[in-house]
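Trainee: Quick one: the structure is below, questions incoming.
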Amino acid sequence: MSSRAKVVCPPERKSSRLGKKSPRLISHLLYDQVTDLPTLPLFLGRIRRELKRRSALGLITLNVIQNQWIEQILGWEAFDALIRDLARFLKQMKPVVLRDEDVVSELIISGNAFVILLAPPRDQKVMTYADMDKVRRRIESHLRPFLTRRLSDLGTQKLELSMGCAILQGGGDAHRIEHSVYQTLDAAFLDAIHQQRREARKETRQLRELLRLGSISTVYQPVVDLEGRLILGYEALSRPERSDFQNPEHLFRVAYACEEVWALERLCRSKAMENLKALEPGQLLFLNIEPESVYDPEMRAQMDGRLLKETGVTPDRIVLEITEHAAVKDFPLFRQALRYFQNQGFQLAMDDVGSAYSGLKTIAEIRPDFMKIDMSLTRGVHANDIKRELLSTICKFSRTTGITVIAEGIEEAEDLRTVREIGIRFAQGYLLAKPAHPFPEVDFIRIPG
């Protein structure tokens with residue numbers, strides 16, 4: 001559990017612990033020191049006054065869910081930083097989305113839920129759900145780009161957020177206002193769950209329509225031999241053609257949720273292999289697969305050699321790149337399924353080595369031909385001694401085991417020089433070439449020697 005969660009206590013308990021402290025000290029203690037936002041108990045008096053003037057107010061909740069990834073991978077310090085940045089974002093968004101009389105606060109001190117108190121529109125005294133939902137959607141439209149920028153290296157897809165709305169009705173007993181507020185908050189959190197379920201059903205329909213229409217395109221990114229200054233091969237990257245899905249990670253997350261991973265993988269593989277004939281002799285095609293897909297009987301039929309014979313590409317030029325969006329649960333069964341493809345001559349690569357799921361156990365179990373180092377380790381390696389040492393250790397391990405290392409996410413010349421100094425021979429990234437269709441060339445003249 002993070003340090004933030006350890007200091008959370010209900011508002012009524014905090015008020016009893018404050019004893020006879022001065023109002024100024026009480027006010028200070030009800031401000032969160034991480035976000036510098038006031039907590040909801042400070043606004044109970046204001047809510048009481050507003051409800052005398054208006055028949056209803058609106059509450060929007062934004063909850064950052066502390067899932068296993070947040071607690072174990074990010075750590076509490078990084079989580080505090082995320083909450084602080086999110087509070088800053090909400091403050092900056094207030095002039096854009098909200099009005100002066102609207103209030104942004106945290107629910108409780110050191111919590112991970114924000115509350116936005118909305119007054120009715122100027123031309124009406126009644127707050128409706130439609131009014132609040134419109135504001136919620138506007139906040140969400142600004143929130144997505146912010147999180148993409150803020151969490152680009154950590155994986156936006158791992159962060160769970162929920163937003164809900166509820167109406168706080170006036171006209172009741174003024175002395176029970178605190179009870180009414182927290183009852184309304186419960187309703188807003190429940191609405192957030194309903195919102196997520198509705199969104200999930202919508203995304204399921206969109207995914208199945210994408211599968212029906214085959215709306216997947218493929219781009220290819222070169223894997224470069226830095227020593228030989230030639231192209232070892234290309235990684236096939238699938239892209240949804242519909243804007244319903246933010247990115248491929250989002251697409252696969254929806255596919256897992258509605259049990260359509262096999263169907264999506266079949267479509268992605270089919271699209272990726274359409275351009276096999278354009279590969280130069282000896283070049284490899286790195287084909288991303290989910291661990292779940294190796295159990296799909298149709299994958300064997302799809303990779304049984306007919307298509308490869310038509311294109312003249314032998315199985316040893318196809319590298320099945322294991323991309324884990326979920327941890328492997330049954331390694332003996334997984335190894336057995338992989339062995340079929342290895343016996344056919346296909347090579348294996350372990351993707352995202354150094355990220356959350358792709359650990360040493362997976363590498364030891366599947367014994368891949370290639371290890372692709374996650375960009376979280378390669379980006380900024382020239383200025384980070386710990387990253388440099390980790391890459392050096394991986395490089396030594398690769399020489400001992402005979403596994404070829406590929407550094408992903410190379411975007412800066414300084415990082416490329418460091419990677420080469422460490423002894424890593426193969427790399428891919430925007431500095432070398434951006435993904436394109438069908439097979440982009442590499443301008444070796446521009447690449448630092």
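Lettering and numbering for the structure tokens are positional, with chains as A, B, ... in the shown order, residues counted from 1 in each chain, and ligands counted from 1 in the shown order.
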Would you list, as a PyMOL selection string, the residues of segment 229-336 of chain A that end up in strand (DSSP E or B) under DSSP run on this structure's backbone?

Mentor: chain A and resi 230-240+284-289+318-322

Trainee: Kindly save the residues from that selection, with N, CA and C atoms included, as a compact mmCIF listing (two decimals), in the first residue's frame.

Mentor:
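For reference, out06.txt as written:
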```
# COMPACT_ATOMS: atom_id res chain seq x y z
N LEU A 230 23.44 -2.15 -41.88
CA LEU A 230 22.44 -2.71 -42.78
C LEU A 230 21.18 -3.03 -41.97
N ILE A 231 20.11 -3.40 -42.67
CA ILE A 231 18.84 -3.68 -42.03
C ILE A 231 18.72 -5.17 -41.75
N LEU A 232 18.64 -5.52 -40.46
CA LEU A 232 18.47 -6.92 -40.08
C LEU A 232 17.08 -7.42 -40.47
N GLY A 233 16.08 -6.58 -40.27
CA GLY A 233 14.70 -6.95 -40.58
C GLY A 233 13.75 -5.83 -40.21
N TYR A 234 12.47 -6.15 -40.15
CA TYR A 234 11.44 -5.16 -39.86
C TYR A 234 10.45 -5.71 -38.83
N GLU A 235 10.04 -4.84 -37.91
CA GLU A 235 8.96 -5.20 -37.01
C GLU A 235 7.64 -4.71 -37.59
N ALA A 236 6.67 -5.61 -37.69
CA ALA A 236 5.33 -5.25 -38.18
C ALA A 236 4.53 -4.67 -37.02
N LEU A 237 3.99 -3.48 -37.21
CA LEU A 237 3.23 -2.79 -36.17
C LEU A 237 1.80 -2.55 -36.67
N SER A 238 0.83 -3.08 -35.97
CA SER A 238 -0.57 -2.97 -36.37
C SER A 238 -1.16 -1.66 -35.87
N ARG A 239 -1.96 -1.04 -36.71
CA ARG A 239 -2.60 0.23 -36.36
C ARG A 239 -4.10 0.15 -36.67
N PRO A 240 -4.96 0.46 -35.68
CA PRO A 240 -6.40 0.49 -35.96
C PRO A 240 -6.72 1.65 -36.90
N LEU A 284 14.61 -10.30 -41.87
CA LEU A 284 13.66 -10.95 -40.98
C LEU A 284 12.39 -10.12 -40.84
N LEU A 285 11.28 -10.79 -40.52
CA LEU A 285 10.05 -10.09 -40.17
C LEU A 285 9.72 -10.42 -38.72
N PHE A 286 9.70 -9.38 -37.87
CA PHE A 286 9.34 -9.55 -36.47
C PHE A 286 7.83 -9.37 -36.35
N LEU A 287 7.17 -10.44 -35.91
CA LEU A 287 5.72 -10.50 -35.90
C LEU A 287 5.23 -10.57 -34.45
N ASN A 288 4.58 -9.51 -33.97
CA ASN A 288 4.11 -9.48 -32.59
C ASN A 288 2.98 -10.48 -32.36
N ILE A 289 3.09 -11.24 -31.28
CA ILE A 289 2.00 -12.14 -30.89
C ILE A 289 1.79 -12.06 -29.38
N ILE A 318 11.01 -15.61 -39.97
CA ILE A 318 9.90 -15.04 -39.22
C ILE A 318 10.24 -15.15 -37.73
N VAL A 319 10.24 -14.02 -37.05
CA VAL A 319 10.52 -13.98 -35.61
C VAL A 319 9.21 -13.68 -34.89
N LEU A 320 8.75 -14.64 -34.10
CA LEU A 320 7.54 -14.44 -33.30
C LEU A 320 7.92 -13.66 -32.05
N GLU A 321 7.46 -12.43 -31.98
CA GLU A 321 7.85 -11.52 -30.91
C GLU A 321 6.78 -11.54 -29.82
N ILE A 322 7.11 -12.11 -28.67
CA ILE A 322 6.14 -12.27 -27.59
C ILE A 322 5.91 -10.92 -26.92
```

Trainee: Just the helix (DSSP H, G or I) stuff from segment 42-98 of chain A, please, per backbone DSSP, written as a count of residues only.

Mentor: 42

Trainee: Please determine, counting only C-alpha atoms, which residue among A:Leu338, A:Ala56, A:Glu178, A:Arg149 has the shortest atom-to-atom distance to Pro41 of chain A.

Mentor: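 When distances to Pro41 of chain A are compared using only C-alpha atoms, the smallest one comes from A:Glu178.
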
Trainee: Would you pick out the contacts of segment 270-275 of chain A at 8 Å or less, using only C-alpha atoms, so that residues sharing its chain but fewer than 2 positions from it are not included, and give the list as a ChimeraX atom specification?

Mentor: /A:216-218,236-238,266-268,277-279,287,438

Trainee: Please measure the separation of atom CA of Pro291 of chain A and atom CA of Thr323 of chain A, giving the value in Å to one decimal.

Mentor: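 Rounded to one decimal, the two atoms are 7.1 Å apart.
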
Trainee: Which of these residues is nearest to Gly423 of chain A, using only C-alpha atoms: A:Arg446, A:Arg379, A:Tyr31, A:Arg388?

Mentor: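 Result for the nearest residue to Gly423 of chain A: A:Arg388.
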
Trainee: Pick out the residues sitting within 8 Å of Ala113 of chain A, and hand them over as JSON, numbers by chain; count only C-alpha atoms, and ignore anything fewer than 5 positions along from it in its own chain.

Mentor: {"A": [61, 62, 63, 64, 106, 107, 108]}

Trainee: Between A:Pro448, A:Gly214, A:Gly164, A:Gly282, which one has atoms that come closest to Leu185 of chain A, using only C-alpha atoms?

Mentor: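 Between A:Pro448, A:Gly214, A:Gly164, A:Gly282, the residue approaching Leu185 of chain A most closely is A:Gly164.
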
Trainee: If I take atom CA of Leu211 of chain A and atom CA of Phe439 of chain A, how far is one from the other in Å, to one decimal?

Mentor: 24.6 Å
